[in-house]
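Below is my_file30.csv, holding CSV, C-alpha atoms.
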chain,number,residue,atom,x,y,z
A,1,MET,CA,131.8,172.6,84.4
A,2,ASN,CA,128.4,171.2,85.6
A,3,ILE,CA,127.6,168.9,88.5
A,4,HIS,CA,124.6,166.8,89.5
A,5,GLU,CA,121.8,168.0,91.7
A,6,TYR,CA,122.8,165.9,94.7
A,7,GLN,CA,126.3,167.3,94.5
A,8,ALA,CA,125.0,170.8,94.3
A,9,LYS,CA,122.8,170.3,97.3
A,10,ALA,CA,125.7,168.8,99.3
A,11,LEU,CA,127.7,171.9,98.4
A,12,LEU,CA,125.0,174.3,99.4
A,13,ARG,CA,124.3,172.4,102.6
A,14,SER,CA,128.0,173.0,103.6
A,15,TYR,CA,127.2,176.7,103.5
A,16,GLY,CA,124.1,176.3,105.7
A,17,ALA,CA,121.4,176.3,103.0
A,18,PRO,CA,118.2,174.4,103.9
A,19,VAL,CA,118.0,171.3,101.7
A,20,SER,CA,116.2,168.0,102.0
A,21,GLU,CA,117.9,164.9,103.3
A,22,GLY,CA,118.8,162.5,100.5
A,23,ARG,CA,120.9,159.5,99.3
A,24,VAL,CA,122.5,158.9,95.9
A,25,VAL,CA,122.1,155.4,94.3
A,26,LEU,CA,124.6,154.1,91.7
A,27,LYS,CA,123.5,150.4,91.7
A,28,ALA,CA,120.0,149.1,91.7
A,29,GLU,CA,120.7,146.7,94.5
A,30,ASP,CA,121.5,149.6,96.8
A,31,ALA,CA,118.2,151.5,96.2
A,32,LYS,CA,116.2,149.9,99.0
A,33,SER,CA,118.8,150.4,101.7
A,34,ALA,CA,119.3,154.0,100.5
A,35,ALA,CA,115.5,154.7,100.7
A,36,GLY,CA,115.3,153.0,104.1
A,37,GLU,CA,117.7,155.6,105.6
A,38,LEU,CA,115.1,158.3,105.0
A,39,ASP,CA,112.1,158.9,107.2
A,40,GLY,CA,109.3,159.3,104.6
A,41,PRO,CA,106.3,159.1,104.4
A,42,LEU,CA,107.0,160.6,101.0
A,43,TRP,CA,110.1,159.8,98.9
A,44,VAL,CA,111.1,161.7,95.7
A,45,VAL,CA,113.1,159.6,93.2
A,46,LYS,CA,115.1,161.8,90.8
A,47,ALA,CA,117.2,160.8,87.7
A,48,GLN,CA,120.6,162.6,87.8
A,49,ILE,CA,121.7,163.9,84.4
A,50,HIS,CA,123.2,167.2,83.4
A,51,ALA,CA,120.0,168.5,81.8
A,52,GLY,CA,116.8,170.3,82.9
A,53,GLY,CA,113.2,169.2,82.3
A,54,ARG,CA,113.6,165.8,83.9
A,55,GLY,CA,110.1,165.7,85.4
A,56,LYS,CA,108.6,166.4,82.0
A,57,GLY,CA,111.0,164.1,80.2
A,58,SER,CA,110.4,160.5,79.0
A,59,PHE,CA,112.5,157.4,78.8
A,60,LYS,CA,113.2,155.8,75.4
A,61,GLU,CA,110.9,152.7,74.8
A,62,ALA,CA,108.9,153.7,77.9
A,63,ASP,CA,105.8,151.8,78.8
A,64,ALA,CA,102.5,153.5,78.2
A,65,GLY,CA,101.7,156.0,80.9
A,66,GLU,CA,105.2,155.7,82.5
A,67,LYS,CA,106.3,158.7,84.5
A,68,GLY,CA,109.2,161.0,83.7
A,69,GLY,CA,112.6,161.3,85.5
A,70,VAL,CA,111.2,162.7,88.8
A,71,ARG,CA,108.8,160.3,90.6
A,72,LEU,CA,107.0,160.2,94.0
A,73,ALA,CA,106.9,157.1,96.1
A,74,PHE,CA,105.0,156.3,99.3
A,75,SER,CA,107.0,153.5,100.7
A,76,VAL,CA,110.6,152.3,100.8
A,77,GLU,CA,109.8,149.5,98.4
A,78,GLU,CA,108.1,151.7,95.9
A,79,ALA,CA,111.0,154.2,96.0
A,80,ALA,CA,113.5,151.4,95.4
A,81,GLU,CA,111.4,150.0,92.5
A,82,GLU,CA,111.2,153.4,90.8
A,83,ALA,CA,115.0,153.8,91.1
A,84,LYS,CA,115.6,150.4,89.5
A,85,LYS,CA,113.2,151.3,86.6
A,86,MET,CA,115.3,154.4,85.8
A,87,LEU,CA,118.9,153.3,86.3
A,88,GLY,CA,120.6,152.5,83.0
A,89,ARG,CA,117.9,153.8,80.8
A,90,THR,CA,118.0,156.8,78.5
A,91,LEU,CA,116.0,159.9,79.5
A,92,VAL,CA,115.0,162.4,76.8
A,93,THR,CA,114.1,166.0,77.8
A,94,HIS,CA,113.8,169.3,75.9
A,95,GLN,CA,117.4,170.0,76.9
A,96,THR,CA,119.0,166.7,76.0
A,97,GLY,CA,117.5,166.6,72.5
A,98,ALA,CA,116.5,163.4,70.8
A,99,PRO,CA,119.5,161.3,71.7
A,100,GLY,CA,118.8,161.8,75.5
A,101,LYS,CA,121.2,160.9,78.3
A,102,GLN,CA,121.7,157.6,80.1
A,103,VAL,CA,120.8,157.7,83.8
A,104,ASN,CA,123.7,156.3,85.8
A,105,ARG,CA,122.8,157.9,89.1
A,106,ILE,CA,119.6,158.2,91.1
A,107,TYR,CA,118.9,160.6,94.0
A,108,ILE,CA,116.3,159.6,96.6
A,109,GLU,CA,115.3,162.3,99.0
A,110,ASP,CA,112.6,163.1,101.6
A,111,GLY,CA,109.5,164.6,100.2
A,112,SER,CA,108.2,168.1,101.1
A,113,ASP,CA,104.8,169.6,101.7
A,114,ILE,CA,104.8,172.6,99.4
A,115,GLU,CA,102.8,175.7,100.0
A,116,ASN,CA,104.4,177.9,97.3
A,117,GLU,CA,107.1,177.5,94.6
A,118,LEU,CA,109.5,180.4,93.8
A,119,TYR,CA,112.3,180.9,91.3
A,120,LEU,CA,115.8,182.1,92.2
A,121,ALA,CA,119.1,182.3,90.4
A,122,LEU,CA,122.6,183.9,90.7
A,123,LEU,CA,124.6,184.3,87.5
A,124,VAL,CA,127.5,186.3,86.0
A,125,ASP,CA,126.0,189.3,84.2
A,126,ARG,CA,128.4,189.8,81.2
A,127,ALA,CA,126.9,193.3,80.5
A,128,THR,CA,127.8,194.6,84.0
A,129,SER,CA,130.7,192.3,84.9
A,130,ARG,CA,128.9,191.6,88.2
A,131,VAL,CA,127.0,188.9,89.9
A,132,SER,CA,123.3,189.2,89.5
A,133,PHE,CA,120.3,187.9,91.4
A,134,VAL,CA,117.2,186.8,89.4
A,135,CYS,CA,114.0,185.9,91.1
A,136,SER,CA,110.4,185.4,90.3
A,137,THR,CA,107.2,184.2,92.0
A,138,GLU,CA,106.7,181.8,89.1
A,139,GLY,CA,108.7,178.9,90.5
A,140,GLY,CA,108.7,175.5,88.9
A,141,MET,CA,108.5,177.0,85.4
A,142,ASP,CA,111.2,177.6,82.8
A,143,ILE,CA,112.3,181.2,83.4
A,144,GLU,CA,112.5,181.8,79.6
A,145,GLU,CA,108.7,181.2,79.4
A,146,VAL,CA,108.1,183.5,82.3
A,147,ALA,CA,110.3,186.2,80.7
A,148,GLU,CA,108.3,186.0,77.4
A,149,ALA,CA,104.8,185.8,78.9
A,150,THR,CA,105.0,187.8,82.1
A,151,PRO,CA,108.4,189.7,82.3
A,152,GLU,CA,107.0,192.0,85.0
A,153,LYS,CA,107.1,188.9,87.4
A,154,ILE,CA,110.9,188.8,87.2
A,155,LEU,CA,113.2,190.9,89.4
A,156,SER,CA,116.9,191.1,88.3
A,157,PHE,CA,119.6,193.2,89.8
A,158,SER,CA,123.4,193.1,90.1
A,159,VAL,CA,125.6,193.3,93.3
A,160,ASP,CA,128.4,195.9,93.5
A,161,PRO,CA,131.6,193.9,94.1
A,162,ALA,CA,132.9,196.7,96.2
A,163,THR,CA,130.3,196.1,98.8
A,164,GLY,CA,129.4,192.5,98.1
A,165,TYR,CA,126.1,191.1,99.4
A,166,GLN,CA,124.2,193.2,101.9
A,167,ALA,CA,121.1,192.5,103.9
A,168,TYR,CA,119.0,195.0,101.8
A,169,HIS,CA,119.6,192.8,98.8
A,170,GLY,CA,117.9,189.9,100.6
A,171,ARG,CA,115.1,192.1,101.7
A,172,ARG,CA,114.5,193.3,98.2
A,173,ILE,CA,114.2,189.7,97.0
A,174,ALA,CA,112.0,188.7,99.9
A,175,PHE,CA,109.5,191.5,99.2
A,176,SER,CA,109.5,190.8,95.5
A,177,LEU,CA,108.7,187.2,96.2
A,178,GLY,CA,105.9,188.1,98.6
A,179,LEU,CA,107.5,186.7,101.7
A,180,LYS,CA,106.4,188.0,105.1
A,181,GLY,CA,107.4,187.9,108.8
A,182,ALA,CA,110.1,185.4,109.7
A,183,GLN,CA,110.4,184.4,106.0
A,184,VAL,CA,112.1,187.8,105.3
A,185,LYS,CA,114.9,187.1,107.8
A,186,GLN,CA,115.3,183.6,106.4
A,187,CYS,CA,115.5,185.0,102.9
A,188,VAL,CA,118.2,187.5,103.9
A,189,LYS,CA,120.3,184.7,105.5
A,190,LEU,CA,119.8,182.3,102.6
A,191,MET,CA,120.7,184.8,99.9
A,192,GLY,CA,123.9,185.6,101.8
A,193,GLN,CA,124.8,181.9,102.0
A,194,LEU,CA,124.2,181.4,98.3
A,195,TYR,CA,126.2,184.5,97.4
A,196,THR,CA,129.1,183.4,99.5
A,197,ALA,CA,129.1,180.0,97.9
A,198,PHE,CA,128.8,181.5,94.4
A,199,ILE,CA,131.9,183.7,95.0
A,200,GLU,CA,134.1,181.3,96.9
A,201,ARG,CA,133.5,178.4,94.5
A,202,ASP,CA,133.9,180.3,91.3
A,203,MET,CA,130.4,179.6,90.1
A,204,GLU,CA,129.0,180.9,86.8
A,205,MET,CA,125.4,180.0,87.5
A,206,LEU,CA,123.4,178.9,90.5
A,207,GLU,CA,119.7,178.2,89.8
A,208,ILE,CA,117.2,177.1,92.4
A,209,ASN,CA,113.9,176.1,90.8
A,210,PRO,CA,112.0,175.8,92.8
A,211,LEU,CA,112.8,177.5,96.0
A,212,ILE,CA,109.8,176.5,98.1
A,213,VAL,CA,107.8,177.7,101.1
A,214,LEU,CA,106.9,174.7,103.3
A,215,GLU,CA,103.3,174.2,104.1
A,216,GLY,CA,102.6,174.6,107.8
A,217,SER,CA,105.9,176.1,109.0
A,218,GLY,CA,106.3,178.6,106.2
A,219,ASP,CA,110.0,177.9,106.1
A,220,LEU,CA,112.1,178.3,103.0
A,221,LYS,CA,113.8,175.2,101.4
A,222,VAL,CA,116.0,174.6,98.4
A,223,LEU,CA,114.1,171.9,96.5
A,224,ASP,CA,116.2,171.7,93.4
A,225,ALA,CA,119.6,173.1,92.5
A,226,LYS,CA,121.6,173.4,89.3
A,227,VAL,CA,125.2,174.7,89.5
A,228,ALA,CA,127.7,175.5,86.7
A,229,PHE,CA,131.3,176.5,87.5
A,230,ASP,CA,133.9,178.5,85.6
A,231,GLY,CA,136.1,175.9,84.0
A,232,ASN,CA,139.0,178.3,83.9
A,233,ALA,CA,139.0,178.5,87.7
A,234,MET,CA,139.2,174.8,88.4
A,235,TYR,CA,142.9,175.0,89.1
A,236,ARG,CA,142.1,176.7,92.4
A,237,GLN,CA,139.0,174.6,93.1
A,238,PRO,CA,140.4,171.0,93.4
A,239,ALA,CA,137.5,169.9,95.5
A,240,VAL,CA,135.0,171.0,92.9
A,241,ALA,CA,137.0,169.5,90.1
A,242,GLU,CA,136.7,166.1,91.7
A,243,LEU,CA,132.9,166.3,91.3
A,244,ARG,CA,133.2,166.3,87.5
A,245,ASP,CA,131.2,163.4,85.9
A,246,GLU,CA,132.9,162.8,82.5
A,247,THR,CA,130.2,160.4,81.4
A,248,GLU,CA,127.9,163.3,81.2
A,249,GLU,CA,130.1,165.2,78.7
A,250,ASP,CA,130.5,164.9,75.0
A,251,SER,CA,133.5,162.6,74.4
A,252,LYS,CA,134.9,164.8,71.7
A,253,GLU,CA,134.7,167.9,73.8
A,254,LEU,CA,136.3,166.0,76.7
A,255,GLU,CA,139.2,164.9,74.4
A,256,ALA,CA,139.6,168.4,73.1
A,257,SER,CA,139.9,169.8,76.6
A,258,LYS,CA,142.9,167.6,77.2
A,259,TYR,CA,144.8,169.4,74.5
A,260,ASP,CA,143.5,172.9,75.4
A,261,LEU,CA,141.4,173.1,72.2
A,262,ASN,CA,138.2,175.2,72.2
A,263,TYR,CA,135.8,172.7,70.8
A,264,ILE,CA,132.0,172.5,70.9
A,265,ALA,CA,130.1,169.8,69.1
A,266,LEU,CA,127.1,170.9,66.9
A,267,ASP,CA,124.6,169.1,64.8
A,268,GLY,CA,125.8,169.8,61.2
A,269,GLU,CA,127.8,167.9,58.6
A,270,ILE,CA,130.8,170.1,57.9
A,271,GLY,CA,133.7,170.0,60.3
A,272,CYS,CA,135.6,173.2,60.9
A,273,MET,CA,139.2,173.8,62.0
A,274,VAL,CA,139.9,177.5,62.5
A,275,ASN,CA,142.3,179.7,64.4
A,276,GLY,CA,140.6,182.5,66.4
A,277,ALA,CA,137.1,182.5,67.9
A,278,GLY,CA,135.9,185.4,65.8
A,279,LEU,CA,137.1,183.7,62.6
A,280,ALA,CA,135.6,180.4,63.7
A,281,MET,CA,132.2,182.1,64.2
A,282,ALA,CA,132.4,183.8,60.8
A,283,THR,CA,133.3,180.4,59.2
A,284,MET,CA,130.3,178.8,60.7
A,285,ASP,CA,128.1,181.7,59.5
A,286,ILE,CA,129.3,181.5,55.9
A,287,ILE,CA,128.8,177.7,55.8
A,288,LYS,CA,125.2,178.3,56.8
A,289,LEU,CA,125.0,181.1,54.1
A,290,TYR,CA,125.9,178.5,51.5
A,291,GLY,CA,123.3,176.1,52.6
A,292,ALA,CA,124.9,173.7,55.0
A,293,GLU,CA,125.4,173.4,58.8
A,294,PRO,CA,128.7,173.3,60.8
A,295,ALA,CA,129.4,170.2,62.8
A,296,ASN,CA,131.5,172.0,65.4
A,297,PHE,CA,133.1,175.1,66.6
A,298,LEU,CA,136.8,174.6,66.8
A,299,ASP,CA,139.4,177.3,67.6
A,300,VAL,CA,142.9,175.8,67.7
A,301,GLY,CA,144.3,179.0,69.2
A,302,GLY,CA,147.2,181.2,68.2
A,303,GLY,CA,149.9,179.0,69.7
A,304,ALA,CA,149.0,175.6,68.4
A,305,THR,CA,151.7,173.1,67.7
A,306,LYS,CA,151.8,170.4,65.0
A,307,GLU,CA,150.7,167.8,67.6
A,308,LYS,CA,147.8,170.0,68.8
A,309,VAL,CA,146.5,170.4,65.2
A,310,THR,CA,146.8,166.7,64.6
A,311,GLU,CA,144.7,165.9,67.6
A,312,ALA,CA,142.1,168.6,66.5
A,313,PHE,CA,141.8,167.0,63.1
A,314,LYS,CA,141.4,163.6,64.6
A,315,ILE,CA,138.6,164.8,66.9
A,316,ILE,CA,136.8,166.3,63.9
A,317,THR,CA,137.1,163.1,61.9
A,318,SER,CA,135.9,161.0,64.8
A,319,ASP,CA,132.4,162.6,64.5
A,320,PRO,CA,130.3,160.3,62.3
A,321,GLN,CA,128.1,163.2,61.3
A,322,VAL,CA,131.0,165.0,59.5
A,323,LYS,CA,130.7,164.7,55.7
A,324,GLY,CA,133.3,167.2,54.8
A,325,ILE,CA,136.0,169.4,56.5
A,326,LEU,CA,137.0,173.0,56.0
A,327,VAL,CA,140.3,174.2,57.4
A,328,ASN,CA,140.4,178.0,57.5
A,329,ILE,CA,143.6,179.6,58.8
A,330,PHE,CA,144.5,183.2,58.8
A,331,GLY,CA,148.1,183.1,60.0
A,332,GLY,CA,149.1,185.8,62.5
A,333,ILE,CA,150.7,184.3,65.6
A,334,MET,CA,149.5,180.9,64.2
A,335,ARG,CA,151.8,179.9,61.3
A,336,CYS,CA,150.2,178.3,58.2
A,337,ASP,CA,153.1,175.8,57.8
A,338,VAL,CA,152.4,174.5,61.3
A,339,ILE,CA,148.7,174.0,60.5
A,340,ALA,CA,149.6,172.3,57.2
A,341,GLU,CA,152.1,169.9,58.9
A,342,GLY,CA,149.4,169.0,61.5
A,343,VAL,CA,146.8,168.3,58.9
A,344,VAL,CA,149.1,166.2,56.8
A,345,ALA,CA,150.2,164.2,59.9
A,346,ALA,CA,146.6,163.6,61.0
A,347,VAL,CA,145.4,162.5,57.5
A,348,LYS,CA,148.3,160.0,57.3
A,349,GLU,CA,147.4,158.7,60.7
A,350,VAL,CA,143.6,158.4,60.5
A,351,GLY,CA,143.0,158.5,56.7
A,352,LEU,CA,140.7,160.9,54.8
A,353,GLN,CA,137.2,159.5,54.1
A,354,VAL,CA,135.5,162.9,53.4
A,355,PRO,CA,136.2,165.9,51.2
A,356,LEU,CA,138.8,168.4,52.6
A,357,VAL,CA,139.0,172.0,51.7
A,358,VAL,CA,142.0,174.1,53.0
A,359,ARG,CA,142.2,177.9,52.9
A,360,LEU,CA,145.5,179.3,54.2
A,361,GLU,CA,146.5,183.0,54.4
A,362,GLY,CA,149.0,185.0,56.4
A,363,THR,CA,152.3,184.0,58.1
A,364,ASN,CA,154.3,181.4,56.1
A,365,VAL,CA,151.3,180.9,53.8
A,366,GLU,CA,153.5,179.8,50.8
A,367,GLU,CA,155.3,177.2,52.9
A,368,GLY,CA,152.0,175.9,54.2
A,369,LYS,CA,150.6,175.6,50.7
A,370,ALA,CA,153.7,173.8,49.5
A,371,ILE,CA,153.4,171.3,52.4
A,372,ILE,CA,149.8,170.5,51.4
A,373,ASN,CA,150.5,170.4,47.6
A,374,ASN,CA,153.5,168.1,48.0
A,375,SER,CA,151.7,165.8,50.5
A,376,GLY,CA,149.9,163.7,47.9
A,377,LEU,CA,146.6,164.3,49.7
A,378,ASP,CA,143.4,164.8,47.8
A,379,VAL,CA,142.8,168.3,49.1
A,380,ILE,CA,140.7,171.1,47.5
A,381,ALA,CA,142.5,174.4,47.7
A,382,ALA,CA,140.6,177.6,48.4
A,383,ASP,CA,141.6,181.2,47.7
A,384,ASN,CA,139.5,182.9,50.4
A,385,LEU,CA,136.9,182.1,53.0
A,386,SER,CA,133.9,182.5,50.6
A,387,ASP,CA,135.6,180.3,48.1
A,388,GLY,CA,136.4,177.7,50.7
A,389,ALA,CA,132.8,177.6,52.1
A,390,GLU,CA,131.3,177.3,48.6
A,391,LYS,CA,133.7,174.5,47.7
A,392,ILE,CA,133.1,172.4,50.8
A,393,VAL,CA,129.4,172.8,50.7
A,394,LYS,CA,129.4,171.8,47.0
A,395,ALA,CA,131.6,168.8,47.7
A,396,VAL,CA,129.3,167.6,50.5
A,397,LYS,CA,126.0,168.3,48.7
A,398,GLY,CA,127.3,166.8,45.5

Structure re-expressed in structure tokens:
Amino acid sequence: MNIHEYQAKALLRSYGAPVSEGRVVLKAEDAKSAAGELDGPLWVVKAQIHAGGRGKGSFKEADAGEKGGVRLAFSVEEAAEEAKKMLGRTLVTHQTGAPGKQVNRIYIEDGSDIENELYLALLVDRATSRVSFVCSTEGGMDIEEVAEATPEKILSFSVDPATGYQAYHGRRIAFSLGLKGAQVKQCVKLMGQLYTAFIERDMEMLEINPLIVLEGSGDLKVLDAKVAFDGNAMYRQPAVAELRDETEEDSKELEASKYDLNYIALDGEIGCMVNGAGLAMATMDIIKLYGAEPANFLDVGGGATKEKVTEAFKIITSDPQVKGILVNIFGGIMRCDVIAEGVVAAVKEVGLQVPLVVRLEGTNVEEGKAIINNSGLDVIAADNLSDGAEKIVKAVKG
């Protein structure tokens, strides 16, 4: 689960992290009063979407020379005007893809005099099953670019959960970032605050890009923050769950989550319904092997019911990009007859406008095939996964 920058900063502020003062704006008429509550003389106006690259992004149908989704203003009136220009428009960045995301929230905050920009992140390292710190002197850049061009400028290390965060972790980061004097002590304190927030709030990723050194004072400040949480832990994080902005999520993925379906929307034309994550991945691979692209990842799970399968099928058919559907079930815990009943029920409810290939194998396979064959549906039967992939690609490609 992701949250907006202003929400992330409010959360970090509650742990004592130094962040700029700011105000969120939801309606254009509130922009001037929100900006007026800040001191200036510099205001930063930021579009709030769940995607990076906002400053380098562009709005659809933008005027010539128009700035991206992060803008500087030098008066309350100018800040309000910039906020009004962005609200309700669609911002396209390298992370949103061509469709972009509509800007429904603006964050106006006090500007900062920057001496230096640094990069910092905490994340769950799957290889070590520990929380890792990642830092670099190359703040303000995409860390992927830094890793490719100058990997020696990145420090990464994991924290032993038995000891948790210790002061020497913070000092190691401070020295790697070239901090000196009082900055080292600030870094040690800040890293402890961030680590505590990460653990207590069940975060998966906390990225601060950039972490800045203020001109003049030399103090550290969190200038931007991106936070992602473990969705499986939201049952014990009710305050965090309330921060969820469903307008930022894919409507199909949101609907799937209500039925405990593992669904991820993709850009292809063949919808997939599979049981088991590994088999779902293999199904997508073999679709690509035969020359097409999967429209989704969908694992209905081992304990799916007829109702759950019906909803899964409806979600697939709601995607206008889907030109064909492949149902690939290897029945173990999941029974083939349950899948067949769900598919038949869904088709009768929503109709079938695209080719459908069904491959069933395993528990109650004969009963499942009988249900499909006696349904009167125009279904293409497949003997195995390769056969099913070949048939659905052929049906879609003509």

Using all atoms listed in the file for the distances, tell me which of A:Gly69, A:Gly278, A:Pro238, A:Pro18 is nearest to Val44 of chain A. A:Gly69

I'd like the contact shell of Leu179 of chain A - 10 Å cut-off, only C-alpha atoms, skipping same-chain residues fewer than 6 positions apart - returned as number ranges by chain. A: 171, 173, 185-187, 213, 218, 220

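With atom CA of Asp160 of chain A on one side and atom CA of His4 of chain A on the other, the separation reads 29.6 Å.
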
Which is closer to Val188 of chain A than all the others in A:Tyr290, A:Tyr15, A:Tyr107, A:Phe175, using all atoms listed in the file?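 Among the listed residues, A:Phe175 lies closest to Val188 of chain A.
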
Polymer residues at most 12 Å from (135.6, 181.8, 63.3) by only C-alpha atoms, as a tab-separated table (two decimals) with C-alpha atoms, in the frame of the given file:
chain	number	residue	atom	x	y	z
A	262	ASN	CA	138.20	175.20	72.20
A	263	TYR	CA	135.80	172.70	70.80
A	272	CYS	CA	135.60	173.20	60.90
A	273	MET	CA	139.20	173.80	62.00
A	274	VAL	CA	139.90	177.50	62.50
A	275	ASN	CA	142.30	179.70	64.40
A	276	GLY	CA	140.60	182.50	66.40
A	277	ALA	CA	137.10	182.50	67.90
A	278	GLY	CA	135.90	185.40	65.80
A	279	LEU	CA	137.10	183.70	62.60
A	280	ALA	CA	135.60	180.40	63.70
A	281	MET	CA	132.20	182.10	64.20
A	282	ALA	CA	132.40	183.80	60.80
A	283	THR	CA	133.30	180.40	59.20
A	284	MET	CA	130.30	178.80	60.70
A	285	ASP	CA	128.10	181.70	59.50
A	286	ILE	CA	129.30	181.50	55.90
A	287	ILE	CA	128.80	177.70	55.80
A	294	PRO	CA	128.70	173.30	60.80
A	296	ASN	CA	131.50	172.00	65.40
A	297	PHE	CA	133.10	175.10	66.60
A	298	LEU	CA	136.80	174.60	66.80
A	299	ASP	CA	139.40	177.30	67.60
A	300	VAL	CA	142.90	175.80	67.70
A	301	GLY	CA	144.30	179.00	69.20
A	326	LEU	CA	137.00	173.00	56.00
A	327	VAL	CA	140.30	174.20	57.40
A	328	ASN	CA	140.40	178.00	57.50
A	329	ILE	CA	143.60	179.60	58.80
A	330	PHE	CA	144.50	183.20	58.80
A	385	LEU	CA	136.90	182.10	53.00

Can you work out which one of A:Ala225, A:Val92, A:Gly22, A:Phe198 has the shortest atom-to-atom distance to Val124 of chain A, counting all atoms listed in the file? A:Phe198

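Closest approach to Ile114 of chain A among A:Gly55, A:Gly231, A:Pro210, A:Gly271: A:Pro210, based on all atoms listed in the file.
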
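Counting all atoms listed in the file, the residue from A:Leu120, A:Leu91, A:Cys336, A:Ala295 that sits nearest to Glu66 of chain A is A:Leu91.
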
As a list in words, please: the residues near Arg54 of chain A (cut-off 7 Å, all atoms listed in the file, same-chain neighbours under 3 positions excluded). Gly57, Gly68, Gly69, Val70 and Thr93 of chain A

Using 8 Å of padding on each side, determine the axis-aligned box around all atoms of segment 187-191 of chain A present in the file and give its centre and edge lengths in Å to one decimal, as AutoDock Vina command-line options.
--center_x 118.1 --center_y 184.9 --center_z 102.7 --size_x 21.2 --size_y 21.2 --size_z 21.6

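Note that the spacing between atom CA of Val358 of chain A and atom CA of Ile380 of chain A amounts to 6.4 Å.
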
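You can rank A:Asn209, A:Thr196, A:Ser158, A:Ser136 by their closest distance to Gly53 of chain A using only C-alpha atoms, and at the top of that list sits A:Asn209.
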
Please list as a list in words every residue within 12 Å of Glu138 of chain A, counting only C-alpha atoms and excluding residues in the same chain fewer than 6 positions away.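 The residues satisfying every condition are Asn116, Glu117, Leu118, Tyr119, Leu120, Glu144, Glu145, Val146, Ala147, Ala149, Thr150, Pro151, Glu152, Lys153, Ile154, Leu155, Ser176, Leu177, Gly178, Ile208, Asn209, Pro210, Leu211 and Ile212 of chain A.
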
Calculate how many Å separate atom CA of Asn373 of chain A from atom CA of Lys397 of chain A, rounding to one decimal.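 These two atoms are separated by 24.6 Å.
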
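Non-sequential neighbours of Ala312 of chain A (distance at most 9 Å, separation of 4 or more positions within a chain, all atoms listed in the file) are Ala256, Tyr259, Leu261, Tyr263, Met273, Leu298, Val300, Glu307, Lys308, Ile316, Thr317, Gly342, Val343 and Ala346 of chain A.
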
Contacts of Gln7 of chain A at 12 Å or less, counting all atoms listed in the file, minus same-chain residues fewer than 3 places along, as a PyMOL selection string? chain A and resi 2-4+10-14+19+22-24+48-50+105-107+224-228+239-245

Using all atoms listed in the file and a cutoff of 12 Å, can you tell me which residues are near (129.1, 162.2, 61.3) in the file's coordinates, and write them out as JSON, numbers by chain? {"A": [265, 266, 267, 268, 269, 270, 271, 294, 295, 296, 315, 316, 317, 318, 319, 320, 321, 322, 323, 324, 325, 353, 354]}
